[in-house]
file query-v1.txt (compact mmCIF, C-alpha atoms and all ligand atoms)
# COMPACT_ATOMS: atom_id res chain seq x y z
CA MET I 283 55.54 20.11 77.51
CA MET I 284 52.09 18.72 76.84
CA ASN I 285 49.04 19.92 78.74
CA ARG I 286 47.06 17.47 80.79
CA LEU I 287 44.02 19.39 81.95
CA VAL I 288 40.79 17.93 83.34
CA ALA I 289 37.37 19.58 83.19
CA PRO I 290 34.66 17.80 85.23
CA SER I 291 31.25 18.02 83.54
CA PHE I 292 28.55 19.22 85.92
CA LEU I 293 25.86 17.48 83.90
CA SER I 294 26.59 14.48 86.15
CA ALA I 295 26.85 16.52 89.36
CA ASP I 296 24.37 16.40 92.25
CA PHE I 297 22.01 19.33 91.58
CA GLY I 298 20.51 18.90 95.04
CA ASN I 299 23.88 19.69 96.56
CA LEU I 300 25.81 21.63 93.95
CA ASN I 301 27.97 23.41 96.53
CA LYS I 302 29.54 20.12 97.61
CA ASP I 303 30.55 19.24 94.03
CA ILE I 304 31.85 22.76 93.35
CA GLU I 305 33.98 22.56 96.49
CA MET I 306 35.28 19.14 95.44
CA VAL I 307 36.46 20.61 92.12
CA ASN I 308 37.95 23.66 93.86
CA THR I 309 40.10 21.51 96.11
CA SER I 310 40.95 18.82 93.51
CA GLN I 311 43.55 18.68 90.74
CA ALA I 312 40.85 19.59 88.18
CA ASP I 313 41.51 22.67 86.05
CA TRP I 314 38.18 23.93 84.71
CA PHE I 315 34.46 23.63 85.45
CA HIS I 316 32.73 22.21 82.35
CA LEU I 317 29.11 23.39 82.06
CA ASP I 318 26.87 21.87 79.37
CA ILE I 319 24.07 24.05 78.06
CA MET I 320 21.39 22.19 76.05
CA ASP I 321 18.35 23.71 74.38
CA GLY I 322 16.26 20.70 73.39
CA VAL I 323 16.63 21.71 69.72
CA PHE I 324 20.26 21.18 68.76
CA VAL I 325 20.34 18.15 71.07
CA PRO I 326 17.48 15.95 72.34
CA ASN I 327 17.87 17.12 75.93
CA ILE I 328 17.51 20.27 78.05
CA SER I 329 19.98 21.00 80.84
CA PHE I 330 20.29 24.32 82.68
CA GLY I 331 20.87 27.98 81.98
CA PHE I 332 22.08 31.32 83.30
CA PRO I 333 21.02 31.10 87.00
CA VAL I 334 22.97 27.86 87.47
CA ILE I 335 26.08 29.24 85.71
CA SER I 336 25.97 32.37 87.91
CA GLN I 337 25.61 30.24 91.02
CA VAL I 338 28.62 28.09 90.10
CA LYS I 339 30.60 31.25 89.28
CA LYS I 340 30.06 32.62 92.78
CA MET I 341 31.87 29.67 94.37
CA ALA I 342 34.21 28.50 91.63
CA LYS I 343 37.92 29.17 92.07
CA LYS I 344 38.74 27.90 88.57
CA PRO I 345 37.66 28.99 85.07
CA LEU I 346 34.18 28.16 83.75
CA ASP I 347 34.31 26.26 80.47
CA VAL I 348 30.83 26.66 78.98
CA HIS I 349 29.85 24.25 76.19
CA LEU I 350 26.85 25.53 74.23
CA MET I 351 24.74 22.82 72.58
CA ILE I 352 22.19 25.36 71.37
CA VAL I 353 21.07 26.80 68.04
CA GLU I 354 21.60 30.52 67.38
CA PRO I 355 24.31 30.96 70.05
CA ASP I 356 25.05 34.51 68.77
CA ARG I 357 21.89 35.73 70.50
CA TYR I 358 23.31 34.91 73.94
CA LEU I 359 27.10 35.45 73.87
CA GLU I 360 26.97 38.52 76.06
CA LYS I 361 24.61 36.90 78.54
CA PHE I 362 26.99 33.95 78.95
CA LYS I 363 29.82 36.39 79.62
CA GLU I 364 27.70 38.16 82.25
CA ALA I 365 26.79 34.81 83.85
CA GLY I 366 30.49 34.04 84.30
CA ALA I 367 31.80 32.06 81.31
CA ASP I 368 35.58 32.27 80.86
CA ILE I 369 35.72 29.93 77.88
CA LEU I 370 32.74 29.80 75.54
CA THR I 371 32.38 27.01 72.98
CA VAL I 372 29.84 26.97 70.15
CA HIS I 373 29.06 24.15 67.74
CA TYR I 374 30.39 24.30 64.18
CA GLU I 375 27.14 22.73 62.94
CA VAL I 376 24.97 25.71 63.98
CA CYS I 377 27.23 28.66 63.10
CA THR I 378 26.75 30.08 59.62
CA HIS I 379 29.22 32.87 60.35
CA LEU I 380 31.63 31.05 62.62
CA HIS I 381 34.47 33.53 62.10
CA ARG I 382 32.25 36.34 63.35
CA THR I 383 30.96 34.31 66.30
CA LEU I 384 34.45 33.36 67.49
CA SER I 385 35.71 36.93 67.05
CA GLN I 386 32.80 38.22 69.14
CA ILE I 387 33.49 35.72 71.90
CA ARG I 388 37.07 37.01 72.07
CA ALA I 389 35.96 40.63 71.86
CA LEU I 390 33.78 40.01 74.92
CA GLY I 391 36.89 38.92 76.82
CA MET I 392 36.36 35.15 76.77
CA LYS I 393 38.42 32.36 75.23
CA SER I 394 36.77 31.12 72.04
CA GLY I 395 35.95 27.48 71.39
CA VAL I 396 34.42 25.56 68.50
CA SER I 397 33.03 22.06 68.90
CA ILE I 398 32.45 19.40 66.26
CA ASN I 399 30.07 16.46 66.35
CA PRO I 400 31.43 12.98 65.61
CA HIS I 401 30.41 13.20 61.92
CA THR I 402 32.04 16.59 61.25
CA SER I 403 35.52 16.33 59.69
CA VAL I 404 38.32 18.04 61.57
CA GLU I 405 39.62 19.22 58.18
CA LEU I 406 36.67 21.64 57.97
CA LEU I 407 38.35 23.67 60.70
CA ALA I 408 41.54 24.38 58.74
CA ASP I 409 40.66 28.00 57.95
CA ILE I 410 39.27 28.91 61.36
CA LEU I 411 41.94 27.54 63.72
CA GLU I 412 43.52 30.93 64.29
CA GLU I 413 40.24 32.31 65.64
CA ALA I 414 39.74 29.41 68.04
CA ASP I 415 41.49 29.16 71.40
CA LEU I 416 40.21 25.61 71.57
CA VAL I 417 38.57 22.92 69.50
CA LEU I 418 36.23 20.58 71.35
CA ILE I 419 36.03 17.17 69.72
CA MET I 420 32.82 15.38 70.68
CA SER I 421 33.61 11.73 71.26
CA VAL I 422 29.90 10.86 71.70
CA ASN I 423 26.82 12.36 70.07
CA PRO I 424 26.08 15.35 72.29
CA GLY I 425 23.03 15.39 74.54
CA PHE I 426 23.66 13.01 77.41
CA GLY I 427 26.26 11.98 79.93
CA GLY I 428 27.29 8.38 80.40
CA GLN I 429 27.51 7.36 76.72
CA LYS I 430 30.05 5.04 75.13
CA PHE I 431 33.24 6.59 73.74
CA ILE I 432 33.38 6.54 69.90
CA LYS I 433 36.72 4.97 69.05
CA ASN I 434 37.64 6.82 65.86
CA SER I 435 37.77 10.00 67.94
CA ILE I 436 41.39 9.05 68.67
CA GLN I 437 42.34 9.39 64.98
CA ARG I 438 40.41 12.65 64.83
CA ILE I 439 42.43 14.07 67.73
CA ALA I 440 45.69 13.04 66.07
CA ARG I 441 44.68 14.59 62.73
CA LEU I 442 43.65 17.83 64.37
CA LYS I 443 46.86 17.94 66.39
CA GLU I 444 48.85 17.60 63.17
CA MET I 445 46.90 20.47 61.55
CA ILE I 446 47.50 22.72 64.57
CA THR I 447 51.21 21.92 64.65
CA GLN I 448 51.60 22.47 60.91
CA LYS I 449 49.90 25.84 61.09
CA GLY I 450 51.85 26.83 64.19
CA CYS I 451 48.63 27.78 66.06
CA LYS I 452 48.19 27.73 69.82
CA THR I 453 44.72 26.16 69.65
CA LEU I 454 44.06 23.63 72.41
CA ILE I 455 42.27 20.32 71.86
CA GLU I 456 39.50 19.33 74.27
CA VAL I 457 37.74 15.95 74.17
CA ASP I 458 34.25 15.37 75.56
CA GLY I 459 32.17 12.21 75.95
CA GLY I 460 32.85 8.76 77.34
CA VAL I 461 36.21 9.78 78.79
CA ASP I 462 37.33 7.68 81.76
CA THR I 463 40.40 6.36 83.53
CA SER I 464 40.83 3.60 80.92
CA ASN I 465 41.17 5.85 77.84
CA ALA I 466 42.52 9.12 79.28
CA ALA I 467 46.23 8.42 78.72
CA THR I 468 45.59 7.37 75.09
CA LEU I 469 43.69 10.60 74.46
CA TYR I 470 46.39 12.82 75.95
CA ASN I 471 49.01 10.93 73.94
CA ALA I 472 47.00 11.43 70.75
CA GLY I 473 47.14 15.20 71.32
CA ALA I 474 44.33 16.15 73.69
CA ASP I 475 45.11 19.03 76.07
CA ILE I 476 41.88 18.97 78.09
CA LEU I 477 39.68 15.99 78.91
CA VAL I 478 36.06 16.50 79.96
CA ALA I 479 34.55 13.80 82.16
CA GLY I 480 31.14 13.64 83.79
CA ASN I 481 30.14 10.15 84.87
CA ALA I 482 33.72 8.95 85.34
CA ILE I 483 34.20 11.66 87.98
CA PHE I 484 30.87 12.33 89.67
CA LYS I 485 29.68 8.72 89.77
CA ALA I 486 33.02 7.52 91.16
CA GLU I 487 33.29 6.57 94.80
CA ASN I 488 36.11 9.10 95.18
CA PRO I 489 35.70 11.89 92.58
CA ALA I 490 38.96 13.68 93.49
CA LYS I 491 40.86 10.43 93.07
CA ALA I 492 39.15 9.82 89.69
CA ILE I 493 40.40 13.26 88.59
CA ASP I 494 43.95 12.28 89.60
CA LEU I 495 43.69 9.01 87.72
CA ILE I 496 42.42 10.70 84.55
CA LYS I 497 45.17 13.28 84.80
CA GLY I 498 47.77 10.61 85.49
CA VAL I 499 49.14 12.25 88.64
C1 LIG K 501 27.52 15.51 76.38
C2 LIG K 501 28.20 16.60 77.16
C3 LIG K 501 29.29 16.10 78.02
C4 LIG K 501 28.84 15.07 79.03
C5 LIG K 501 29.97 14.12 79.22
O1 LIG K 501 26.67 16.04 75.43
O2 LIG K 501 28.76 17.58 76.30
O3 LIG K 501 30.05 17.13 78.61
O4 LIG K 501 28.47 15.61 80.26
O5 LIG K 501 29.56 13.11 80.07
P1 LIG K 501 30.36 11.74 80.21
O6 LIG K 501 31.76 12.06 80.61
O7 LIG K 501 29.59 11.01 81.26
O8 LIG K 501 30.31 11.05 78.86
ZN ZN K 502 30.28 19.08 77.18
call {"tool": "encode", "arguments": {"input": "query-v1.txt", "output": "C-alpha cells"}}
result
Amino acid sequence: MMNRLVAPSFLSADFGNLNKDIEMVNTSQADWFHLDIMDGVFVPNISFGFPVISQVKKMAKKPLDVHLMIVEPDRYLEKFKEAGADILTVHYEVCTHLHRTLSQIRALGMKSGVSINPHTSVELLADILEEADLVLIMSVNPGFGGQKFIKNSIQRIARLKEMITQKGCKTLIEVDGGVDTSNAATLYNAGADILVAGNAIFKAENPAKAIDLIKGV
C-alpha cells in the first residue's frame, strides 16, 4: 500500500492568526506540519525560528516536519528537538559529514531527513539512504513559496523510488515546491509518499478541501 501523506507548509500561513491555521490542520486530513526554517545564507530569504516552532508545537496534534534551509545545521540539532521537531531535515548541499548529522538526528529521537536541491542528483544519496528516514526532493529552488513546479522532478522521484526499492530501505520520499491539486496524483504515482504544499493549501478558499484534493480522498 502506498502512502499518500500531506504536509501543509506554514510559510504560506497567516502569521497574524497562526492558531486558526494550526487548528485547521489539526482537524483536516493533513498528516504533518511542515515548518520551513531559512537563514538568509543558504537561501535568499529569512523565515522564522525556535519561538514559532515551540508555539506551533503547543497546539499541534500531528508531527512537526521541520525543513532546515540553513548552513551549519549541526550547531542547532538539539535546539530543534527541544523546540518540538519530530522529523528534522537537513540539506545535502551544506553537510560535509552527512552520515554523522543524520545519525545525530536519530540519536536525539527524531526522524532523519535529507533534502536535495533541483540540481543535486538523487544518485548521490545511494550510500546514505539507510541513515535517512526520508529524502526531501525540492521541486523548486528553495527560498520562497508560490514558485513554479520544476517538471523533471517527476523523473527524479521515480529514480529515487527505484533506488530505495532496490536497496530494500524504508526511506520515504517527500516532495516540496509548486505542489498543487493538478500535479499531486502524478507525484504520488511516481513514488512520493509525502507532498508538501503551501500556497495550494493556505491561499485556497477552502484549505481543508484543498488538502483532500491533494490527497485524493
Ligand atoms: C520552499 C519551501 C516550501 C514552500 C512551498 O523553499 O521549502 O516548503 O513553502 O511552498 P509552495 O507549496 O507554495 O511552493
Ligand atoms: Zn519546505
call {"tool": "closest_atom_pairs", "arguments": {"input": "query-v1.txt", "of": "chain I", "to": "ligand LIG 501 (chain K)", "cutoff": "8 Å", "atoms": "all atoms listed in the file", "output": "tab-separated table"}}
result
residue	atom	partner	partner_atom	distance
I:Pro290	CA	K:LIG501	O6	7.9
I:Ser291	CA	K:LIG501	O4	4.9
I:Phe292	CA	K:LIG501	O4	6.7
I:Leu293	CA	K:LIG501	O4	4.9
I:Ser294	CA	K:LIG501	O4	6.3
I:His316	CA	K:LIG501	O3	6.9
I:Leu317	CA	K:LIG501	O3	7.2
I:Asp318	CA	K:LIG501	O2	5.6
I:Val325	CA	K:LIG501	O1	8.0
I:His349	CA	K:LIG501	O2	6.8
I:Met351	CA	K:LIG501	O2	7.6
I:Met420	CA	K:LIG501	O2	7.3
I:Val422	CA	K:LIG501	C1	7.0
I:Asn423	CA	K:LIG501	O1	6.5
I:Pro424	CA	K:LIG501	O1	3.3
I:Gly425	CA	K:LIG501	O1	3.8
I:Phe426	CA	K:LIG501	O1	4.7
I:Gly427	CA	K:LIG501	O5	3.5
I:Gly428	CA	K:LIG501	O7	3.6
I:Gln429	CA	K:LIG501	O8	5.1
I:Lys430	CA	K:LIG501	O8	7.1
I:Phe431	CA	K:LIG501	O8	7.4
I:Asp458	CA	K:LIG501	O3	5.5
I:Gly459	CA	K:LIG501	O8	3.6
I:Gly460	CA	K:LIG501	O8	3.7
I:Val461	CA	K:LIG501	O6	5.3
I:Asp462	CA	K:LIG501	O6	7.2
I:Val478	CA	K:LIG501	O3	6.2
I:Ala479	CA	K:LIG501	O6	3.6
I:Gly480	CA	K:LIG501	O6	3.6
I:Asn481	CA	K:LIG501	O7	3.8
I:Ala482	CA	K:LIG501	O6	6.0
I:Ile483	CA	K:LIG501	O6	7.8
call {"tool": "write_last_selection", "arguments": {"input": "query-v1.txt", "atoms": "C-alpha atoms", "output": "CSV table (one decimal), keeping the file's coordinate frame"}}
result
chain,number,residue,atom,x,y,z
I,290,PRO,CA,34.7,17.8,85.2
I,291,SER,CA,31.2,18.0,83.5
I,292,PHE,CA,28.6,19.2,85.9
I,293,LEU,CA,25.9,17.5,83.9
I,294,SER,CA,26.6,14.5,86.2
I,316,HIS,CA,32.7,22.2,82.4
I,317,LEU,CA,29.1,23.4,82.1
I,318,ASP,CA,26.9,21.9,79.4
I,325,VAL,CA,20.3,18.2,71.1
I,349,HIS,CA,29.8,24.2,76.2
I,351,MET,CA,24.7,22.8,72.6
I,420,MET,CA,32.8,15.4,70.7
I,422,VAL,CA,29.9,10.9,71.7
I,423,ASN,CA,26.8,12.4,70.1
I,424,PRO,CA,26.1,15.4,72.3
I,425,GLY,CA,23.0,15.4,74.5
I,426,PHE,CA,23.7,13.0,77.4
I,427,GLY,CA,26.3,12.0,79.9
I,428,GLY,CA,27.3,8.4,80.4
I,429,GLN,CA,27.5,7.4,76.7
I,430,LYS,CA,30.0,5.0,75.1
I,431,PHE,CA,33.2,6.6,73.7
I,458,ASP,CA,34.2,15.4,75.6
I,459,GLY,CA,32.2,12.2,76.0
I,460,GLY,CA,32.8,8.8,77.3
I,461,VAL,CA,36.2,9.8,78.8
I,462,ASP,CA,37.3,7.7,81.8
I,478,VAL,CA,36.1,16.5,80.0
I,479,ALA,CA,34.6,13.8,82.2
I,480,GLY,CA,31.1,13.6,83.8
I,481,ASN,CA,30.1,10.2,84.9
I,482,ALA,CA,33.7,9.0,85.3
I,483,ILE,CA,34.2,11.7,88.0
call {"tool": "closest_residue", "arguments": {"input": "query-v1.txt", "among": "I:Met306, I:Leu300, I:Ala342, I:Ala467", "to": "Pro489 (chain I)", "atoms": "only C-alpha atoms"}}
result
I:Met306
call {"tool": "axis_aligned_box", "arguments": {"input": "query-v1.txt", "around": "region 383-394 of chain I", "padding_each_side": "6 Å", "output": "JSON"}}
result
{"center_x": 34.7, "center_y": 35.9, "center_z": 71.6, "size_x": 19.5, "size_y": 21.5, "size_z": 22.5}
call {"tool": "atom_distance", "arguments": {"input": "query-v1.txt", "atom1": "CA of Ile496 (chain I)", "atom2": "CA of Ser421 (chain I)"}}
result
16.0 Å
call {"tool": "residues_around", "arguments": {"input": "query-v1.txt", "residues": "Asp368 (chain I)", "least_positions_apart": "5", "cutoff": "10 Å", "atoms": "all atoms listed in the file", "output": "mmCIF file with C-alpha atoms, in the frame of the given file"}}
result
data_model
loop_
_atom_site.group_PDB
_atom_site.id
_atom_site.type_symbol
_atom_site.label_atom_id
_atom_site.label_comp_id
_atom_site.auth_asym_id
_atom_site.auth_seq_id
_atom_site.Cartn_x
_atom_site.Cartn_y
_atom_site.Cartn_z
ATOM 1 C CA TRP I 314 38.180 23.930 84.710
ATOM 2 C CA PHE I 315 34.460 23.630 85.450
ATOM 3 C CA LYS I 339 30.600 31.250 89.280
ATOM 4 C CA LYS I 344 38.740 27.900 88.570
ATOM 5 C CA PRO I 345 37.660 28.990 85.070
ATOM 6 C CA LEU I 346 34.180 28.160 83.750
ATOM 7 C CA ASP I 347 34.310 26.260 80.470
ATOM 8 C CA VAL I 348 30.830 26.660 78.980
ATOM 9 C CA PHE I 362 26.990 33.950 78.950
ATOM 10 C CA LYS I 363 29.820 36.390 79.620
ATOM 11 C CA ILE I 387 33.490 35.720 71.900
ATOM 12 C CA LEU I 390 33.780 40.010 74.920
ATOM 13 C CA GLY I 391 36.890 38.920 76.820
ATOM 14 C CA MET I 392 36.360 35.150 76.770
ATOM 15 C CA LYS I 393 38.420 32.360 75.230
ATOM 16 C CA SER I 394 36.770 31.120 72.040
#
call {"tool": "atom_distance", "arguments": {"input": "query-v1.txt", "atom1": "CA of Ile410 (chain I)", "atom2": "CA of Gly395 (chain I)"}}
result
10.7 Å
call {"tool": "closest_residue", "arguments": {"input": "query-v1.txt", "among": "I:Ile446, I:Ile432, I:Ile352, I:Gln437", "to": "ligand ZN 502 (chain K)", "atoms": "all atoms listed in the file"}}
result
I:Ile352
call {"tool": "residues_near_point", "arguments": {"input": "query-v1.txt", "point": "(40.1, 11.0, 91.1)", "cutoff": "10 Å", "atoms": "only C-alpha atoms", "output": "ChimeraX atom specification"}}
result
/I:310-312,463,482-484,486-499
call {"tool": "write_last_selection", "arguments": {"input": "query-v1.txt", "atoms": "C-alpha atoms", "output": "PDB file, keeping the file's coordinate frame"}}
result
ATOM      1  CA  SER I 310      40.950  18.820  93.510  1.00  0.00           C
ATOM      2  CA  GLN I 311      43.550  18.680  90.740  1.00  0.00           C
ATOM      3  CA  ALA I 312      40.850  19.590  88.180  1.00  0.00           C
ATOM      4  CA  THR I 463      40.400   6.360  83.530  1.00  0.00           C
ATOM      5  CA  ALA I 482      33.720   8.950  85.340  1.00  0.00           C
ATOM      6  CA  ILE I 483      34.200  11.660  87.980  1.00  0.00           C
ATOM      7  CA  PHE I 484      30.870  12.330  89.670  1.00  0.00           C
ATOM      8  CA  ALA I 486      33.020   7.520  91.160  1.00  0.00           C
ATOM      9  CA  GLU I 487      33.290   6.570  94.800  1.00  0.00           C
ATOM     10  CA  ASN I 488      36.110   9.100  95.180  1.00  0.00           C
ATOM     11  CA  PRO I 489      35.700  11.890  92.580  1.00  0.00           C
ATOM     12  CA  ALA I 490      38.960  13.680  93.490  1.00  0.00           C
ATOM     13  CA  LYS I 491      40.860  10.430  93.070  1.00  0.00           C
ATOM     14  CA  ALA I 492      39.150   9.820  89.690  1.00  0.00           C
ATOM     15  CA  ILE I 493      40.400  13.260  88.590  1.00  0.00           C
ATOM     16  CA  ASP I 494      43.950  12.280  89.600  1.00  0.00           C
ATOM     17  CA  LEU I 495      43.690   9.010  87.720  1.00  0.00           C
ATOM     18  CA  ILE I 496      42.420  10.700  84.550  1.00  0.00           C
ATOM     19  CA  LYS I 497      45.170  13.280  84.800  1.00  0.00           C
ATOM     20  CA  GLY I 498      47.770  10.610  85.490  1.00  0.00           C
ATOM     21  CA  VAL I 499      49.140  12.250  88.640  1.00  0.00           C
TER      22      VAL I 499
END
call {"tool": "decode", "arguments": {"input": "query-v1.txt", "residues": "region 371-384 of chain I", "atoms": "N, CA, C and O atoms", "output": "compact mmCIF listing (two decimals), in the first residue's frame"}}
result
# COMPACT_ATOMS: atom_id res chain seq x y z
N THR I 371 14.94 17.69 8.83
CA THR I 371 15.55 17.51 7.51
C THR I 371 16.62 18.57 7.28
O THR I 371 16.36 19.76 7.44
N VAL I 372 17.80 18.10 6.88
CA VAL I 372 18.92 19.00 6.56
C VAL I 372 19.18 18.92 5.06
O VAL I 372 18.76 17.96 4.41
N HIS I 373 19.89 19.92 4.54
CA HIS I 373 20.21 19.88 3.11
C HIS I 373 21.54 19.19 2.84
O HIS I 373 22.53 19.47 3.50
N TYR I 374 21.52 18.30 1.86
CA TYR I 374 22.72 17.60 1.40
C TYR I 374 23.84 18.59 1.09
O TYR I 374 25.01 18.35 1.41
N GLU I 375 23.47 19.73 0.48
CA GLU I 375 24.47 20.67 -0.05
C GLU I 375 25.28 21.36 1.05
O GLU I 375 26.32 21.95 0.75
N VAL I 376 24.83 21.30 2.31
CA VAL I 376 25.56 22.01 3.37
C VAL I 376 26.17 21.05 4.41
O VAL I 376 26.72 21.51 5.42
N CYS I 377 26.04 19.75 4.19
CA CYS I 377 26.50 18.80 5.20
C CYS I 377 27.75 18.05 4.73
O CYS I 377 27.67 17.14 3.91
N THR I 378 28.88 18.43 5.27
CA THR I 378 30.14 17.77 4.91
C THR I 378 30.18 16.37 5.49
O THR I 378 30.75 15.46 4.89
N HIS I 379 29.60 16.20 6.66
CA HIS I 379 29.59 14.88 7.31
C HIS I 379 28.13 14.44 7.51
O HIS I 379 27.63 14.34 8.63
N LEU I 380 27.49 14.21 6.38
CA LEU I 380 26.05 13.93 6.39
C LEU I 380 25.70 12.69 7.20
O LEU I 380 24.68 12.67 7.91
N HIS I 381 26.54 11.67 7.12
CA HIS I 381 26.28 10.44 7.88
C HIS I 381 26.21 10.75 9.38
O HIS I 381 25.30 10.31 10.09
N ARG I 382 27.14 11.55 9.84
CA ARG I 382 27.16 11.93 11.26
C ARG I 382 25.92 12.76 11.62
O ARG I 382 25.28 12.53 12.65
N THR I 383 25.58 13.71 10.77
CA THR I 383 24.44 14.59 11.04
C THR I 383 23.15 13.76 11.15
O THR I 383 22.37 13.92 12.10
N LEU I 384 22.93 12.86 10.20
CA LEU I 384 21.70 12.06 10.22
C LEU I 384 21.68 11.13 11.42
O LEU I 384 20.63 10.93 12.05
